[in-house]
Amino acid sequence: MTEDIAAARLRDPAARSNAEVFWLYPGVHAVWWYRLANKLWRRRFFFVARAISQAARAATGVEIHPGATIGRRLFIDHGMGVVIGETAVLGDDVMLYHGVTLGGRSTKQEKRHPTLGNGVLVGAGAVILGPITIGEGSSVGAGAVVVRDAPARSVLTGMPAKAVPVDAPDAASDDFYIDPAIYI
């Protein structure tokens, strides 16, 4: 919990205190409820885990399937409308803005949701679909629709999104990592 609060304080300049984050941040609360539900899911208490995840969804506006695999220090800013599917895998230090969907493209019982590497940032309203991988340190712009793999340290914008390496001449400036919405 301490790590999650510190991650929120680090990534949200509006966070004024640890107490504010602890009591008032629905994205942080959703992650905490997910962690409980995930422990139950791994112990095969599927119904109880899903019941907890649905109660958390009702309370926070964030839907995280208890079967998803989430690393440390996930921060969901604002949170409302975020959906993380059952087979999604998120690395450490991932940041999601409101309205993000990490969705599937298959109804088969297989890996059908995205994998996000460490340090990936996903802008508001972005949609990442299918069993694709977004490489470490990449940023997905607000409103982007991603349906293909992206290499590490790339910037993805558009519909469908195209990946541009961060060090390419036409890549976004460092401001992109502060607010990816400025490129939409």
# chains A, B, ... in the order shown; residues from 1 in each chain; ligands from 1
>>> residues_around(residues="A:Arg50", least_positions_apart="3", cutoff="9 Å", atoms="only C-alpha atoms", output="ChimeraX atom specification")
/A:37,41,45-47,53-55,65-66
>>> residues_around(residues="A:Gly158", least_positions_apart="3", cutoff="7 Å", atoms="only C-alpha atoms", output="PyMOL selection string")
chain A and resi 144-145+161-162
>>> closest_residue(among="A:Ala30, A:Leu102, A:Val89, A:Val120", to="A:Gly67", atoms="only C-alpha atoms")
A:Val89
>>> residues_around(residues="A:Gly125", least_positions_apart="4", cutoff="9 Å", atoms="only C-alpha atoms", output="list in words")
Gly81, Val82, Tyr97, His98, Gly99, Val100, Thr101, Gly141, Ala142, Gly143, Ala144 and Val145 of chain A
>>> write_last_selection(atoms="all heavy atoms", output="mmCIF file, in the first residue's frame")
data_model
loop_
_atom_site.group_PDB
_atom_site.id
_atom_site.type_symbol
_atom_site.label_atom_id
_atom_site.label_comp_id
_atom_site.auth_asym_id
_atom_site.auth_seq_id
_atom_site.Cartn_x
_atom_site.Cartn_y
_atom_site.Cartn_z
ATOM 1 N N GLY A 81 -13.874 4.290 -15.908
ATOM 2 C CA GLY A 81 -13.976 3.679 -17.224
ATOM 3 C C GLY A 81 -12.808 2.801 -17.630
ATOM 4 O O GLY A 81 -12.796 2.273 -18.737
ATOM 5 N N VAL A 82 -11.834 2.601 -16.767
ATOM 6 C CA VAL A 82 -10.716 1.718 -17.101
ATOM 7 C C VAL A 82 -11.192 0.269 -17.049
ATOM 8 O O VAL A 82 -11.903 -0.117 -16.126
ATOM 9 C CB VAL A 82 -9.523 1.930 -16.135
ATOM 10 C CG1 VAL A 82 -8.474 0.834 -16.296
ATOM 11 C CG2 VAL A 82 -8.903 3.301 -16.366
ATOM 12 N N TYR A 97 -4.442 6.320 -17.696
ATOM 13 C CA TYR A 97 -5.390 7.403 -17.470
ATOM 14 C C TYR A 97 -6.813 6.855 -17.613
ATOM 15 O O TYR A 97 -7.018 5.694 -17.997
ATOM 16 C CB TYR A 97 -5.147 8.549 -18.448
ATOM 17 C CG TYR A 97 -3.956 9.396 -18.083
ATOM 18 C CD1 TYR A 97 -2.693 9.116 -18.577
ATOM 19 C CD2 TYR A 97 -4.096 10.488 -17.234
ATOM 20 C CE1 TYR A 97 -1.596 9.903 -18.245
ATOM 21 C CE2 TYR A 97 -3.008 11.281 -16.887
ATOM 22 C CZ TYR A 97 -1.762 10.975 -17.401
ATOM 23 O OH TYR A 97 -0.684 11.758 -17.059
ATOM 24 N N HIS A 98 -7.800 7.682 -17.349
ATOM 25 C CA HIS A 98 -9.199 7.254 -17.384
ATOM 26 C C HIS A 98 -9.614 6.794 -18.788
ATOM 27 O O HIS A 98 -9.075 7.233 -19.791
ATOM 28 C CB HIS A 98 -10.115 8.384 -16.901
ATOM 29 C CG HIS A 98 -9.964 9.644 -17.684
ATOM 30 N ND1 HIS A 98 -8.930 10.527 -17.468
ATOM 31 C CD2 HIS A 98 -10.686 10.152 -18.710
ATOM 32 C CE1 HIS A 98 -9.040 11.532 -18.317
ATOM 33 N NE2 HIS A 98 -10.090 11.325 -19.080
ATOM 34 N N GLY A 99 -10.567 5.881 -18.810
ATOM 35 C CA GLY A 99 -11.140 5.426 -20.070
ATOM 36 C C GLY A 99 -10.289 4.457 -20.863
ATOM 37 O O GLY A 99 -10.611 4.150 -22.002
ATOM 38 N N VAL A 100 -9.223 3.947 -20.302
ATOM 39 C CA VAL A 100 -8.352 3.008 -21.014
ATOM 40 C C VAL A 100 -8.989 1.625 -21.032
ATOM 41 O O VAL A 100 -9.516 1.166 -20.013
ATOM 42 C CB VAL A 100 -6.955 2.937 -20.358
ATOM 43 C CG1 VAL A 100 -6.143 1.756 -20.874
ATOM 44 C CG2 VAL A 100 -6.205 4.237 -20.576
ATOM 45 N N THR A 101 -8.918 0.965 -22.185
ATOM 46 C CA THR A 101 -9.381 -0.416 -22.301
ATOM 47 C C THR A 101 -8.227 -1.300 -22.735
ATOM 48 O O THR A 101 -7.595 -1.033 -23.755
ATOM 49 C CB THR A 101 -10.521 -0.534 -23.339
ATOM 50 O OG1 THR A 101 -11.618 0.266 -22.909
ATOM 51 C CG2 THR A 101 -10.971 -1.977 -23.501
ATOM 52 N N GLY A 141 -0.677 7.399 -26.842
ATOM 53 C CA GLY A 141 -1.387 8.678 -26.792
ATOM 54 C C GLY A 141 -2.870 8.513 -26.513
ATOM 55 O O GLY A 141 -3.464 7.460 -26.763
ATOM 56 N N ALA A 142 -3.462 9.567 -26.015
ATOM 57 C CA ALA A 142 -4.894 9.578 -25.719
ATOM 58 C C ALA A 142 -5.681 9.275 -26.982
ATOM 59 O O ALA A 142 -5.393 9.800 -28.052
ATOM 60 C CB ALA A 142 -5.298 10.935 -25.153
ATOM 61 N N GLY A 143 -6.670 8.406 -26.856
ATOM 62 C CA GLY A 143 -7.548 8.082 -27.969
ATOM 63 C C GLY A 143 -6.968 7.128 -28.996
ATOM 64 O O GLY A 143 -7.645 6.780 -29.955
ATOM 65 N N ALA A 144 -5.756 6.676 -28.806
ATOM 66 C CA ALA A 144 -5.144 5.754 -29.764
ATOM 67 C C ALA A 144 -5.844 4.400 -29.706
ATOM 68 O O ALA A 144 -6.356 3.996 -28.671
ATOM 69 C CB ALA A 144 -3.654 5.591 -29.464
ATOM 70 N N VAL A 145 -5.842 3.719 -30.847
ATOM 71 C CA VAL A 145 -6.344 2.353 -30.911
ATOM 72 C C VAL A 145 -5.176 1.489 -31.381
ATOM 73 O O VAL A 145 -4.718 1.612 -32.507
ATOM 74 C CB VAL A 145 -7.534 2.225 -31.881
ATOM 75 C CG1 VAL A 145 -7.980 0.774 -31.991
ATOM 76 C CG2 VAL A 145 -8.691 3.104 -31.420
#
>>> residues_around(residues="A:Trp23", least_positions_apart="6", cutoff="12 Å", atoms="only C-alpha atoms", output="number ranges by chain")
A: 1, 5, 15, 17, 29
>>> write_last_selection(atoms="C-alpha atoms", output="mmCIF file, in the first residue's frame")
data_model
loop_
_atom_site.group_PDB
_atom_site.id
_atom_site.type_symbol
_atom_site.label_atom_id
_atom_site.label_comp_id
_atom_site.auth_asym_id
_atom_site.auth_seq_id
_atom_site.Cartn_x
_atom_site.Cartn_y
_atom_site.Cartn_z
ATOM 1 C CA MET A 1 0.000 0.000 0.000
ATOM 2 C CA ILE A 5 0.586 5.686 -2.424
ATOM 3 C CA ALA A 15 -1.839 14.685 -4.866
ATOM 4 C CA SER A 17 -0.774 14.197 0.880
ATOM 5 C CA HIS A 29 -8.513 1.661 -4.276
#
>>> select_by_dssp(residues="stretch 68-136 of chain A", states="strand (DSSP E)", output="list in words")
Thr69, Ile70, Phe75, Ile76, Val83, Ile84, Val89, Leu90, Met95, Leu96, Thr101, Leu102, Gly103, Thr115, Leu116, Leu121, Val122, Val127, Ile128, Leu129, Thr133 and Ile134 of chain A
>>> closest_residue(among="A:Pro165, A:Gly85, A:Gly71, A:Gly119", to="A:Arg11", atoms="only C-alpha atoms")
A:Gly119
>>> atom_distance(atom1="atom CA of A:Lys111", atom2="atom CA of A:Gly61")
24.7 Å
>>> closest_residue(among="A:Arg9, A:His78, A:His113, A:Arg35", to="A:Ile52", atoms="only C-alpha atoms")
A:Arg35
>>> select_by_dssp(residues="chain A", states="alpha helix (DSSP H)", output="ChimeraX atom specification")
/A:2-11,18-24,26-42,46-60
>>> atom_distance(atom1="atom CA of A:Val147", atom2="atom CA of A:Asp77")
23.1 Å
>>> closest_residue(among="A:Pro13, A:Pro131, A:Pro151, A:Pro160", to="A:Gly104", atoms="only C-alpha atoms")
A:Pro131
>>> closest_residue(among="A:Lys108, A:Leu129, A:Ala124, A:Ala59", to="A:Ala88", atoms="only C-alpha atoms")
A:Leu129
>>> closest_residue(among="A:Ala49, A:Val146, A:Ile76, A:Ile84", to="A:Val21", atoms="only C-alpha atoms")
A:Ile76
>>> residues_around(residues="A:Asp92", least_positions_apart="5", cutoff="10 Å", atoms="only C-alpha atoms", output="number ranges by chain")
A: 70-75, 116-120, 136
>>> write_last_selection(atoms="N, CA, C and O atoms", output="PDB file, in the first residue's frame")
ATOM      1  N   ILE A  70      -0.738  -8.140 -12.716  1.00  0.00           N
ATOM      2  CA  ILE A  70      -0.342  -6.735 -12.595  1.00  0.00           C
ATOM      3  C   ILE A  70       0.889  -6.626 -11.710  1.00  0.00           C
ATOM      4  O   ILE A  70       0.916  -7.143 -10.598  1.00  0.00           O
ATOM      5  N   GLY A  71       1.886  -5.917 -12.207  1.00  0.00           N
ATOM      6  CA  GLY A  71       3.125  -5.710 -11.467  1.00  0.00           C
ATOM      7  C   GLY A  71       2.964  -4.671 -10.366  1.00  0.00           C
ATOM      8  O   GLY A  71       1.860  -4.253 -10.019  1.00  0.00           O
ATOM      9  N   ARG A  72       4.071  -4.226  -9.877  1.00  0.00           N
ATOM     10  CA  ARG A  72       4.092  -3.278  -8.756  1.00  0.00           C
ATOM     11  C   ARG A  72       3.879  -1.843  -9.245  1.00  0.00           C
ATOM     12  O   ARG A  72       4.218  -1.485 -10.351  1.00  0.00           O
ATOM     13  N   ARG A  73       3.315  -1.038  -8.356  1.00  0.00           N
ATOM     14  CA  ARG A  73       3.188   0.413  -8.522  1.00  0.00           C
ATOM     15  C   ARG A  73       2.347   0.831  -9.728  1.00  0.00           C
ATOM     16  O   ARG A  73       2.610   1.864 -10.339  1.00  0.00           O
ATOM     17  N   LEU A  74       1.314   0.064 -10.059  1.00  0.00           N
ATOM     18  CA  LEU A  74       0.372   0.510 -11.086  1.00  0.00           C
ATOM     19  C   LEU A  74      -0.337   1.746 -10.550  1.00  0.00           C
ATOM     20  O   LEU A  74      -0.827   1.752  -9.420  1.00  0.00           O
ATOM     21  N   PHE A  75      -0.403   2.801 -11.377  1.00  0.00           N
ATOM     22  CA  PHE A  75      -1.169   3.983 -10.992  1.00  0.00           C
ATOM     23  C   PHE A  75      -2.219   4.249 -12.050  1.00  0.00           C
ATOM     24  O   PHE A  75      -1.896   4.356 -13.238  1.00  0.00           O
ATOM     25  N   LEU A 116       1.685  -5.192 -21.286  1.00  0.00           N
ATOM     26  CA  LEU A 116       2.360  -3.897 -21.232  1.00  0.00           C
ATOM     27  C   LEU A 116       3.650  -4.069 -20.455  1.00  0.00           C
ATOM     28  O   LEU A 116       3.630  -4.551 -19.315  1.00  0.00           O
ATOM     29  N   GLY A 117       4.763  -3.645 -21.038  1.00  0.00           N
ATOM     30  CA  GLY A 117       6.052  -3.746 -20.364  1.00  0.00           C
ATOM     31  C   GLY A 117       6.168  -2.762 -19.217  1.00  0.00           C
ATOM     32  O   GLY A 117       5.279  -1.926 -18.984  1.00  0.00           O
ATOM     33  N   ASN A 118       7.270  -2.827 -18.513  1.00  0.00           N
ATOM     34  CA  ASN A 118       7.538  -1.914 -17.398  1.00  0.00           C
ATOM     35  C   ASN A 118       7.546  -0.470 -17.886  1.00  0.00           C
ATOM     36  O   ASN A 118       8.057  -0.166 -18.964  1.00  0.00           O
ATOM     37  N   GLY A 119       6.983   0.422 -17.079  1.00  0.00           N
ATOM     38  CA  GLY A 119       7.058   1.847 -17.356  1.00  0.00           C
ATOM     39  C   GLY A 119       6.213   2.329 -18.521  1.00  0.00           C
ATOM     40  O   GLY A 119       6.428   3.426 -19.034  1.00  0.00           O
ATOM     41  N   VAL A 120       5.230   1.573 -18.948  1.00  0.00           N
ATOM     42  CA  VAL A 120       4.355   1.997 -20.048  1.00  0.00           C
ATOM     43  C   VAL A 120       3.330   2.995 -19.519  1.00  0.00           C
ATOM     44  O   VAL A 120       2.779   2.830 -18.433  1.00  0.00           O
ATOM     45  N   GLU A 136       8.592  -2.023 -23.150  1.00  0.00           N
ATOM     46  CA  GLU A 136       8.984  -1.249 -21.975  1.00  0.00           C
ATOM     47  C   GLU A 136       9.241   0.213 -22.318  1.00  0.00           C
ATOM     48  O   GLU A 136       9.842   0.531 -23.341  1.00  0.00           O
TER      49      GLU A 136
END
>>> decode(residues="stretch 71-100 of chain A", atoms="N, CA and C atoms", output="CSV table (one decimal), in the first residue's frame")
chain,number,residue,atom,x,y,z
A,71,GLY,N,1.9,-5.9,-12.2
A,71,GLY,CA,3.1,-5.7,-11.5
A,71,GLY,C,3.0,-4.7,-10.4
A,72,ARG,N,4.1,-4.2,-9.9
A,72,ARG,CA,4.1,-3.3,-8.8
A,72,ARG,C,3.9,-1.8,-9.2
A,73,ARG,N,3.3,-1.0,-8.4
A,73,ARG,CA,3.2,0.4,-8.5
A,73,ARG,C,2.3,0.8,-9.7
A,74,LEU,N,1.3,0.1,-10.1
A,74,LEU,CA,0.4,0.5,-11.1
A,74,LEU,C,-0.3,1.7,-10.6
A,75,PHE,N,-0.4,2.8,-11.4
A,75,PHE,CA,-1.2,4.0,-11.0
A,75,PHE,C,-2.2,4.2,-12.1
A,76,ILE,N,-3.5,4.3,-11.6
A,76,ILE,CA,-4.6,4.6,-12.5
A,76,ILE,C,-5.1,6.0,-12.1
A,77,ASP,N,-4.8,7.0,-13.0
A,77,ASP,CA,-5.2,8.4,-12.7
A,77,ASP,C,-6.6,8.6,-13.1
A,78,HIS,N,-7.4,9.1,-12.2
A,78,HIS,CA,-8.8,9.4,-12.3
A,78,HIS,C,-9.6,8.1,-12.4
A,79,GLY,N,-9.2,7.2,-13.2
A,79,GLY,CA,-9.8,5.8,-13.1
A,79,GLY,C,-11.0,5.5,-13.8
A,80,MET,N,-12.0,6.4,-13.8
A,80,MET,CA,-13.3,6.0,-14.3
A,80,MET,C,-13.2,5.4,-15.7
A,81,GLY,N,-13.9,4.3,-15.9
A,81,GLY,CA,-14.0,3.7,-17.2
A,81,GLY,C,-12.8,2.8,-17.6
A,82,VAL,N,-11.8,2.6,-16.8
A,82,VAL,CA,-10.7,1.7,-17.1
A,82,VAL,C,-11.2,0.3,-17.0
A,83,VAL,N,-10.8,-0.5,-18.1
A,83,VAL,CA,-11.1,-1.9,-18.1
A,83,VAL,C,-9.8,-2.7,-18.4
A,84,ILE,N,-9.5,-3.7,-17.6
A,84,ILE,CA,-8.4,-4.5,-17.7
A,84,ILE,C,-8.8,-6.0,-17.8
A,85,GLY,N,-8.6,-6.6,-18.9
A,85,GLY,CA,-9.2,-8.0,-19.1
A,85,GLY,C,-8.4,-9.1,-18.4
A,86,GLU,N,-9.0,-10.3,-18.4
A,86,GLU,CA,-8.5,-11.4,-17.7
A,86,GLU,C,-7.1,-11.8,-18.0
A,87,THR,N,-6.7,-11.8,-19.2
A,87,THR,CA,-5.3,-12.3,-19.6
A,87,THR,C,-4.3,-11.2,-19.8
A,88,ALA,N,-4.7,-10.0,-19.4
A,88,ALA,CA,-3.8,-8.8,-19.5
A,88,ALA,C,-2.6,-9.0,-18.6
A,89,VAL,N,-1.5,-8.6,-19.0
A,89,VAL,CA,-0.3,-8.6,-18.1
A,89,VAL,C,0.3,-7.2,-18.1
A,90,LEU,N,0.5,-6.6,-17.0
A,90,LEU,CA,1.1,-5.3,-16.8
A,90,LEU,C,2.3,-5.4,-16.0
A,91,GLY,N,3.4,-4.8,-16.5
A,91,GLY,CA,4.7,-4.8,-15.8
A,91,GLY,C,4.6,-3.8,-14.6
A,92,ASP,N,5.8,-3.5,-14.1
A,92,ASP,CA,5.9,-2.6,-13.0
A,92,ASP,C,5.8,-1.1,-13.5
A,93,ASP,N,5.4,-0.2,-12.6
A,93,ASP,CA,5.4,1.2,-12.9
A,93,ASP,C,4.6,1.6,-14.1
A,94,VAL,N,3.5,0.9,-14.4
A,94,VAL,CA,2.6,1.3,-15.5
A,94,VAL,C,1.7,2.4,-15.0
A,95,MET,N,1.3,3.3,-15.9
A,95,MET,CA,0.3,4.4,-15.6
A,95,MET,C,-0.7,4.4,-16.6
A,96,LEU,N,-2.0,4.3,-16.2
A,96,LEU,CA,-3.2,4.4,-17.0
A,96,LEU,C,-4.0,5.6,-16.7
A,97,TYR,N,-4.4,6.3,-17.7
A,97,TYR,CA,-5.4,7.4,-17.5
A,97,TYR,C,-6.8,6.9,-17.6
A,98,HIS,N,-7.8,7.7,-17.3
A,98,HIS,CA,-9.2,7.3,-17.4
A,98,HIS,C,-9.6,6.8,-18.8
A,99,GLY,N,-10.6,5.9,-18.8
A,99,GLY,CA,-11.1,5.4,-20.1
A,99,GLY,C,-10.3,4.5,-20.9
A,100,VAL,N,-9.2,3.9,-20.3
A,100,VAL,CA,-8.4,3.0,-21.0
A,100,VAL,C,-9.0,1.6,-21.0
